[in-house]
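First up is the structure itself, then whatever we jot down about it.
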Amino acid sequence: MPYRLLEAVPELSYGDEQTENMLIQGDNLEALKALLPFYAGRVKCIYIDPPYNTRSAFEHYDDNLEHTTWLGMMYPRLEMLRDLLSESGSIWVSIDDTEAHYLKVVGDEIFGRRNFIIDITWRKRDGPPNDRKIGAVHEHVLVWAKSRIGESKKTVAEENFNLMPRTEKADAQYQVFTELSGPDPRGPFRKIDTTANGKGGRYVESLFYAITNPFTREEVWPRKGTCWRHSKEEMVRLQADSRLYWGVKGTATTPMRKLFTSEAKQGMSAPSIWDDTGLNQHASSEMEKLFGEKAAFETPKPEALLRRIIHIASNPGELVLDSYLGSGTTAAVAHKMSRQYIGVEMGEHATTHCAPRLQ
């Protein structure tokens with residue numbers, strides 16, 4: 001398809017004229033083609049919430065395409081989005097069961113199956129709909145990276161992902177435990193198992209040996225069906241450095257390794273099930289507060305969901321793109337989080353919802 005020029009709308013522009021932040025009204029296929037010469041390889045995080053093809057008709061868009069037509073609509077857009085991603089970038093796609101599994105196959109073809117990262121389950125409602133005997137309370141967020149180096153276990157995007165902030169519950173695991181030799185002067189620690197499951201072909205003969213309990217002077221072996229996680233030399237080193245915890249009375253038959261607060265990761269890994277990032281009803285409430293009930297927008301995503309995605313996938317100053325901007329949530333959250341952003345929306349709500357929201 002031919003390139004088209006982006007035309008500025010001065011009466012809707014605001015703020016710093018030098019910013020790269022853009023709200024584009026128009027067909028997103030044409031918009032993405034127009035962006036390619038300037039932004040190819042520069043976008044760190046892409047989030048899209050495309051039509052789910054649920055055979056429904058909404059006020060702001062039609063969601064009723066024949067299956068192959070829907071796939072044909074998604075394919076070239078995903079190809080251009082791939083080209084816009086930086087080498088350390090990632091794309092996050094919200095979808096439901098109507099097309100999720102077909103989209104996974106298409107996404108694997110475009111981004112590479114080895115670059116698929118995860119299928120996140122997002123809880124979108126408190127309970128199932130009453131008109132179904134088994135009703136969905138979740139949607140998918142499919143995540144791909146742009147690239148992977150060689151046979152690395154992680155994609156380049158994952159290597160650059162940010163950890164989630166530590167929670168009080170996680171920090172509560174670190175305590176000052178009672179020991180025969182007195183409290184460890186290095187402070188609170190968390191107890192880590194020193195054994196590993198030796199079943200199912202995971203048994204390693206060299207990791208099955210005896211160590212000496214320094215308090216009882218008895219030989220201690222791994223529990224039945226397990227082996228040690230560390231080599232004998234490493235276990236000797238851990239014991240010499242008082243990094244093995246032998247229980248309150250020093251009589252434990254299996255020691256635990258000490259992981260001190262100072263050694264813990266400064267953040268937490270995100271799970272694959274997100275039930276704490278807001279529901280559809282929260283997103284609707286956010287829309288009502290912004291625009292009033294009459295200006296409500298169908299199926300918006302809550303800001304908490306976008307905050308987590310943008311936090312994990314990007315850093316302040318980096319570029320976030322959403323080519324199905326809808327009510328403007330992605331751009332609004334990116335703005336609040338000091339990211340640069342580009343949003344594309346075809347309908348009139350680009351001016352009635354997105355622009356006022358960003359202003």
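By convention in this document, the chains of the structure tokens carry letters A, B, ... by their order, each chain's residues are numbered from 1, and ligands are numbered from 1 in the order they are shown.
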Using DSSP on the backbone, list every residue of segment 194-282 of chain A that comes out as helix (DSSP H, G or I), and give them as a PyMOL selection string.
chain A and resi 205-207+232-240+261-263+280-282
7 Å contact set for Val137 of chain A, only C-alpha atoms, chain neighbours under 4 positions out, as a ChimeraX atom specification:
/A:123-128
Write to file, as a compact mmCIF listing (two decimals), in the first residue's frame, the residues of the selection just made, with C-alpha atoms.
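Output contents, as saved in part_19.txt:
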```txt
# COMPACT_ATOMS: atom_id res chain seq x y z
CA ARG A 123 -9.33 -11.46 35.28
CA LYS A 124 -11.86 -9.03 33.82
CA ARG A 125 -14.92 -9.59 36.03
CA ASP A 126 -15.84 -10.77 39.53
CA GLY A 127 -18.12 -13.63 38.49
CA PRO A 128 -19.37 -15.45 35.39
```
Of A:Lys199, A:Arg223, A:His335, A:His311, the one sitting nearest Met22 of chain A when using only C-alpha atoms is A:His335
Return as a compact mmCIF listing (two decimals) with N, CA, C and O atoms, in the first residue's frame the full set of residues in segment 70-288 of chain A whose backbone-based DSSP assignment is strand (DSSP E or B).
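And here's states_39.txt as it stands now:
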```
# COMPACT_ATOMS: atom_id res chain seq x y z
N LEU A 85 8.89 -2.23 16.22
CA LEU A 85 9.49 -2.59 17.51
C LEU A 85 11.01 -2.46 17.48
O LEU A 85 11.67 -2.78 16.48
N SER A 86 11.56 -2.03 18.60
CA SER A 86 13.02 -2.05 18.76
C SER A 86 13.46 -3.49 19.01
O SER A 86 12.64 -4.37 19.30
N GLU A 87 14.76 -3.76 18.93
CA GLU A 87 15.26 -5.12 19.12
C GLU A 87 14.96 -5.63 20.52
O GLU A 87 14.84 -6.83 20.74
N SER A 88 14.84 -4.72 21.49
CA SER A 88 14.52 -5.13 22.87
C SER A 88 13.05 -4.90 23.20
O SER A 88 12.66 -4.96 24.36
N GLY A 89 12.24 -4.67 22.15
CA GLY A 89 10.84 -4.35 22.37
C GLY A 89 9.96 -5.58 22.46
O GLY A 89 10.37 -6.70 22.16
N SER A 90 8.71 -5.34 22.87
CA SER A 90 7.73 -6.42 23.00
C SER A 90 6.35 -5.89 22.63
O SER A 90 6.07 -4.70 22.74
N ILE A 91 5.48 -6.82 22.20
CA ILE A 91 4.10 -6.47 21.87
C ILE A 91 3.17 -7.28 22.76
O ILE A 91 3.38 -8.48 22.97
N TRP A 92 2.14 -6.61 23.28
CA TRP A 92 1.16 -7.20 24.19
C TRP A 92 -0.21 -7.04 23.56
O TRP A 92 -0.62 -5.92 23.24
N VAL A 93 -0.91 -8.16 23.35
CA VAL A 93 -2.18 -8.13 22.62
C VAL A 93 -3.30 -8.69 23.50
O VAL A 93 -3.26 -9.86 23.88
N SER A 94 -4.31 -7.87 23.79
CA SER A 94 -5.49 -8.34 24.50
C SER A 94 -6.44 -9.02 23.53
O SER A 94 -6.67 -8.52 22.42
N ILE A 95 -7.00 -10.14 23.95
CA ILE A 95 -7.90 -10.91 23.08
C ILE A 95 -8.69 -11.88 23.95
O ILE A 95 -8.28 -12.17 25.08
N PHE A 116 7.80 -15.97 21.24
CA PHE A 116 6.62 -15.90 22.09
C PHE A 116 7.06 -15.98 23.55
O PHE A 116 7.87 -16.83 23.92
N ILE A 117 6.54 -15.06 24.37
CA ILE A 117 6.96 -15.01 25.77
C ILE A 117 5.96 -15.69 26.69
O ILE A 117 6.31 -16.60 27.44
N ILE A 118 4.68 -15.27 26.63
CA ILE A 118 3.72 -15.83 27.58
C ILE A 118 2.30 -15.45 27.19
O ILE A 118 2.08 -14.47 26.46
N ASP A 119 1.36 -16.24 27.68
CA ASP A 119 -0.07 -15.95 27.58
C ASP A 119 -0.53 -15.58 28.98
O ASP A 119 -0.66 -16.44 29.85
N ILE A 120 -0.76 -14.30 29.21
CA ILE A 120 -1.19 -13.83 30.53
C ILE A 120 -2.71 -13.93 30.63
O ILE A 120 -3.43 -13.56 29.70
N THR A 121 -3.18 -14.43 31.75
CA THR A 121 -4.62 -14.49 32.02
C THR A 121 -4.99 -13.27 32.86
O THR A 121 -4.50 -13.12 33.98
N TRP A 122 -5.83 -12.41 32.28
CA TRP A 122 -6.29 -11.21 33.00
C TRP A 122 -7.73 -11.42 33.46
O TRP A 122 -8.61 -11.68 32.63
N ARG A 123 -7.98 -11.33 34.75
CA ARG A 123 -9.33 -11.46 35.28
C ARG A 123 -10.07 -10.16 35.02
O ARG A 123 -9.70 -9.11 35.54
N HIS A 138 -12.24 -14.19 32.31
CA HIS A 138 -10.88 -13.75 31.98
C HIS A 138 -10.74 -13.47 30.49
O HIS A 138 -11.58 -13.86 29.68
N GLU A 139 -9.67 -12.78 30.17
CA GLU A 139 -9.21 -12.61 28.79
C GLU A 139 -7.73 -12.95 28.74
O GLU A 139 -7.09 -13.14 29.77
N HIS A 140 -7.20 -13.00 27.52
CA HIS A 140 -5.78 -13.28 27.32
C HIS A 140 -5.03 -11.98 27.01
O HIS A 140 -5.58 -11.06 26.41
N VAL A 141 -3.77 -11.95 27.40
CA VAL A 141 -2.83 -10.95 26.89
C VAL A 141 -1.64 -11.75 26.36
O VAL A 141 -0.86 -12.31 27.13
N LEU A 142 -1.56 -11.84 25.02
CA LEU A 142 -0.48 -12.59 24.38
C LEU A 142 0.72 -11.68 24.20
O LEU A 142 0.59 -10.53 23.74
N VAL A 143 1.91 -12.18 24.53
CA VAL A 143 3.12 -11.35 24.54
C VAL A 143 4.20 -11.98 23.67
O VAL A 143 4.55 -13.15 23.86
N TRP A 144 4.71 -11.19 22.72
CA TRP A 144 5.84 -11.62 21.90
C TRP A 144 6.98 -10.59 22.02
O TRP A 144 6.74 -9.40 22.25
N ALA A 145 8.19 -11.06 21.81
CA ALA A 145 9.36 -10.19 21.73
C ALA A 145 9.73 -9.96 20.28
O ALA A 145 9.25 -10.67 19.38
N MET A 164 8.46 -6.33 39.14
CA MET A 164 7.40 -5.64 39.86
C MET A 164 7.91 -5.21 41.23
O MET A 164 8.80 -5.84 41.79
N GLN A 175 12.90 -12.86 58.06
CA GLN A 175 12.78 -12.71 59.51
C GLN A 175 14.10 -13.00 60.19
O GLN A 175 15.01 -13.59 59.59
N PHE A 189 16.58 -13.10 57.21
CA PHE A 189 16.78 -13.91 56.02
C PHE A 189 15.54 -14.76 55.75
O PHE A 189 14.67 -14.93 56.60
N ARG A 190 15.49 -15.29 54.53
CA ARG A 190 14.44 -16.22 54.13
C ARG A 190 15.06 -17.60 53.97
O ARG A 190 16.19 -17.73 53.51
N LYS A 191 14.32 -18.64 54.38
CA LYS A 191 14.84 -20.00 54.30
C LYS A 191 14.55 -20.62 52.93
O LYS A 191 13.42 -20.63 52.48
N ILE A 192 15.61 -21.12 52.30
CA ILE A 192 15.51 -21.73 50.97
C ILE A 192 15.86 -23.20 51.07
O ILE A 192 16.85 -23.58 51.70
N ASP A 193 15.05 -24.05 50.44
CA ASP A 193 15.30 -25.49 50.46
C ASP A 193 16.64 -25.81 49.82
O ASP A 193 16.98 -25.29 48.76
N THR A 195 17.41 -28.99 49.05
CA THR A 195 17.24 -30.23 48.30
C THR A 195 16.38 -29.99 47.06
O THR A 195 15.62 -29.02 46.99
N ALA A 196 16.50 -30.91 46.12
CA ALA A 196 15.72 -30.85 44.88
C ALA A 196 15.09 -32.21 44.64
O ALA A 196 15.63 -33.24 45.08
N ASN A 197 13.98 -32.21 43.94
CA ASN A 197 13.29 -33.45 43.61
C ASN A 197 14.17 -34.32 42.72
O ASN A 197 14.63 -33.89 41.67
N ILE A 211 26.51 -34.67 54.64
CA ILE A 211 27.16 -33.51 55.26
C ILE A 211 27.01 -33.67 56.77
O ILE A 211 26.20 -34.46 57.26
N THR A 212 27.80 -32.92 57.51
CA THR A 212 27.81 -33.06 58.97
C THR A 212 27.07 -31.91 59.62
O THR A 212 27.34 -30.74 59.35
N GLU A 219 25.88 -37.33 60.61
CA GLU A 219 25.86 -37.24 59.15
C GLU A 219 24.42 -37.05 58.68
O GLU A 219 23.51 -37.73 59.17
N VAL A 220 24.23 -36.14 57.74
CA VAL A 220 22.89 -35.85 57.22
C VAL A 220 22.89 -36.08 55.71
O VAL A 220 23.76 -35.58 55.00
N THR A 226 15.12 -37.27 46.95
CA THR A 226 15.70 -35.95 46.64
C THR A 226 17.21 -36.06 46.54
O THR A 226 17.81 -37.09 46.86
N CYS A 227 17.83 -34.99 46.11
CA CYS A 227 19.28 -34.84 46.17
C CYS A 227 19.56 -33.38 46.53
O CYS A 227 18.65 -32.56 46.55
N TRP A 228 20.79 -33.07 46.89
CA TRP A 228 21.11 -31.68 47.22
C TRP A 228 21.05 -30.80 45.97
O TRP A 228 21.24 -31.27 44.86
N LEU A 244 23.86 -21.97 56.50
CA LEU A 244 22.91 -23.06 56.62
C LEU A 244 22.18 -22.94 57.95
O LEU A 244 22.80 -22.76 59.00
N TYR A 245 20.86 -23.03 57.89
CA TYR A 245 20.03 -22.92 59.10
C TYR A 245 19.62 -24.33 59.52
O TYR A 245 18.96 -25.06 58.76
N MET A 256 18.39 -25.58 55.88
CA MET A 256 17.86 -24.63 54.89
C MET A 256 18.93 -23.58 54.62
O MET A 256 19.70 -23.20 55.52
N ARG A 257 18.99 -23.13 53.39
CA ARG A 257 19.97 -22.08 53.05
C ARG A 257 19.39 -20.71 53.39
O ARG A 257 18.20 -20.45 53.18
N LYS A 258 20.23 -19.83 53.89
CA LYS A 258 19.81 -18.49 54.26
C LYS A 258 19.95 -17.54 53.05
O LYS A 258 21.00 -17.49 52.42
N LEU A 259 18.87 -16.84 52.75
CA LEU A 259 18.93 -15.78 51.75
C LEU A 259 18.61 -14.48 52.46
O LEU A 259 17.48 -14.27 52.91
N PHE A 260 19.59 -13.62 52.62
CA PHE A 260 19.43 -12.39 53.39
C PHE A 260 18.70 -11.31 52.58
O PHE A 260 18.73 -11.31 51.34
N MET A 268 10.04 -8.16 42.10
CA MET A 268 9.44 -9.48 42.05
C MET A 268 9.05 -9.84 40.61
O MET A 268 8.68 -8.97 39.83
N ILE A 273 -1.00 -15.05 35.93
CA ILE A 273 -2.41 -14.77 36.19
C ILE A 273 -2.50 -13.43 36.91
O ILE A 273 -1.93 -13.26 37.98
N TRP A 274 -3.22 -12.48 36.29
CA TRP A 274 -3.35 -11.14 36.85
C TRP A 274 -4.79 -10.94 37.32
O TRP A 274 -5.69 -10.73 36.50
```
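Every protein or nucleic acid residue with an atom no more than 7 Å from segment 346-353 of chain A, counting only C-alpha atoms and leaving out same-chain residues fewer than 3 positions away, appears here: A:Gln25, A:Gly26, A:Asp27, A:Asn28, A:His60, A:Ser327, A:Pro356, A:Arg357.
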Dump N, CA and C atoms for the selected residues as a JSON list (two decimals), in the first residue's frame?
```json
[["chain", "number", "residue", "atom", "x", "y", "z"],
["A", 25, "GLN", "N", -5.63, 10.23, 14.04],
["A", 25, "GLN", "CA", -6.96, 9.77, 13.68],
["A", 25, "GLN", "C", -6.93, 9.27, 12.25],
["A", 26, "GLY", "N", -7.34, 8.01, 12.07],
["A", 26, "GLY", "CA", -7.37, 7.45, 10.73],
["A", 26, "GLY", "C", -7.20, 5.94, 10.78],
["A", 27, "ASP", "N", -7.27, 5.30, 9.64],
["A", 27, "ASP", "CA", -7.10, 3.86, 9.55],
["A", 27, "ASP", "C", -5.70, 3.48, 10.05],
["A", 28, "ASN", "N", -5.65, 2.52, 10.98],
["A", 28, "ASN", "CA", -4.35, 2.26, 11.58],
["A", 28, "ASN", "C", -3.37, 1.58, 10.62],
["A", 60, "HIS", "N", -19.12, 2.45, 18.96],
["A", 60, "HIS", "CA", -17.94, 3.08, 18.35],
["A", 60, "HIS", "C", -17.26, 2.23, 17.28],
["A", 327, "SER", "N", -10.48, 4.40, 23.87],
["A", 327, "SER", "CA", -10.79, 5.58, 24.69],
["A", 327, "SER", "C", -9.55, 6.32, 25.15],
["A", 356, "PRO", "N", -9.46, 14.99, 24.43],
["A", 356, "PRO", "CA", -9.77, 15.63, 25.73],
["A", 356, "PRO", "C", -9.14, 14.89, 26.90],
["A", 357, "ARG", "N", -9.11, 13.58, 26.82],
["A", 357, "ARG", "CA", -8.52, 12.81, 27.93],
["A", 357, "ARG", "C", -7.03, 13.12, 28.07]]
```
Between A:Gln340, A:Ser323, A:Gln359, A:Asn160, which residue has the minimum interatomic distance to Thr19 of chain A, considering only C-alpha atoms?
A:Gln340
Using only C-alpha atoms, the shortest atom-to-atom distance to Ala34 of chain A among A:Leu103, A:Val344, A:Asp276, A:Ser285 belongs to A:Val344
Given only C-alpha atoms as the basis, pick out the residue of A:Arg114, A:Arg148, A:Lys33, A:Arg202 nearest to Leu5 of chain A.
A:Lys33
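Rounded to one decimal, atom CA of Phe208 of chain A and atom CA of Met235 of chain A lie 11.8 Å from each other.
Among A:Asp241, A:Glu303, A:Asp49, A:Glu7, the residue with the shortest atom-to-atom distance to Ala31 of chain A, counting only C-alpha atoms, is A:Glu7.
Comparing A:Asp131, A:Glu11, A:Asp83, A:Glu168 by their smallest distance to Ile46 of chain A, the closest is A:Asp83 (using only C-alpha atoms).
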Leaving out Leu321 of chain A and any residue of its chain fewer than 4 positions from it, which residues lie within 7 Å of it when counting only C-alpha atoms, given as number ranges by chain?
A: 43, 45-47, 341-343
Residue selection dump (C-alpha atoms) as a compact mmCIF listing (two decimals), in the first residue's frame:
```txt
# COMPACT_ATOMS: atom_id res chain seq x y z
CA VAL A 43 9.16 1.45 19.75
CA CYS A 45 6.37 -1.37 24.03
CA ILE A 46 3.32 -1.99 21.86
CA TYR A 47 -0.05 -2.70 23.43
CA TYR A 341 3.52 7.63 23.18
CA ILE A 342 1.80 7.25 19.83
CA GLY A 343 -1.87 6.36 19.68
```
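Near Gly247 of chain A, within a cut-off of 8 Å and counting only C-alpha atoms, sit the residues Thr178, Glu179, Thr251, Ala252 and Pro255 of chain A, with same-chain residues fewer than 4 positions away left out.
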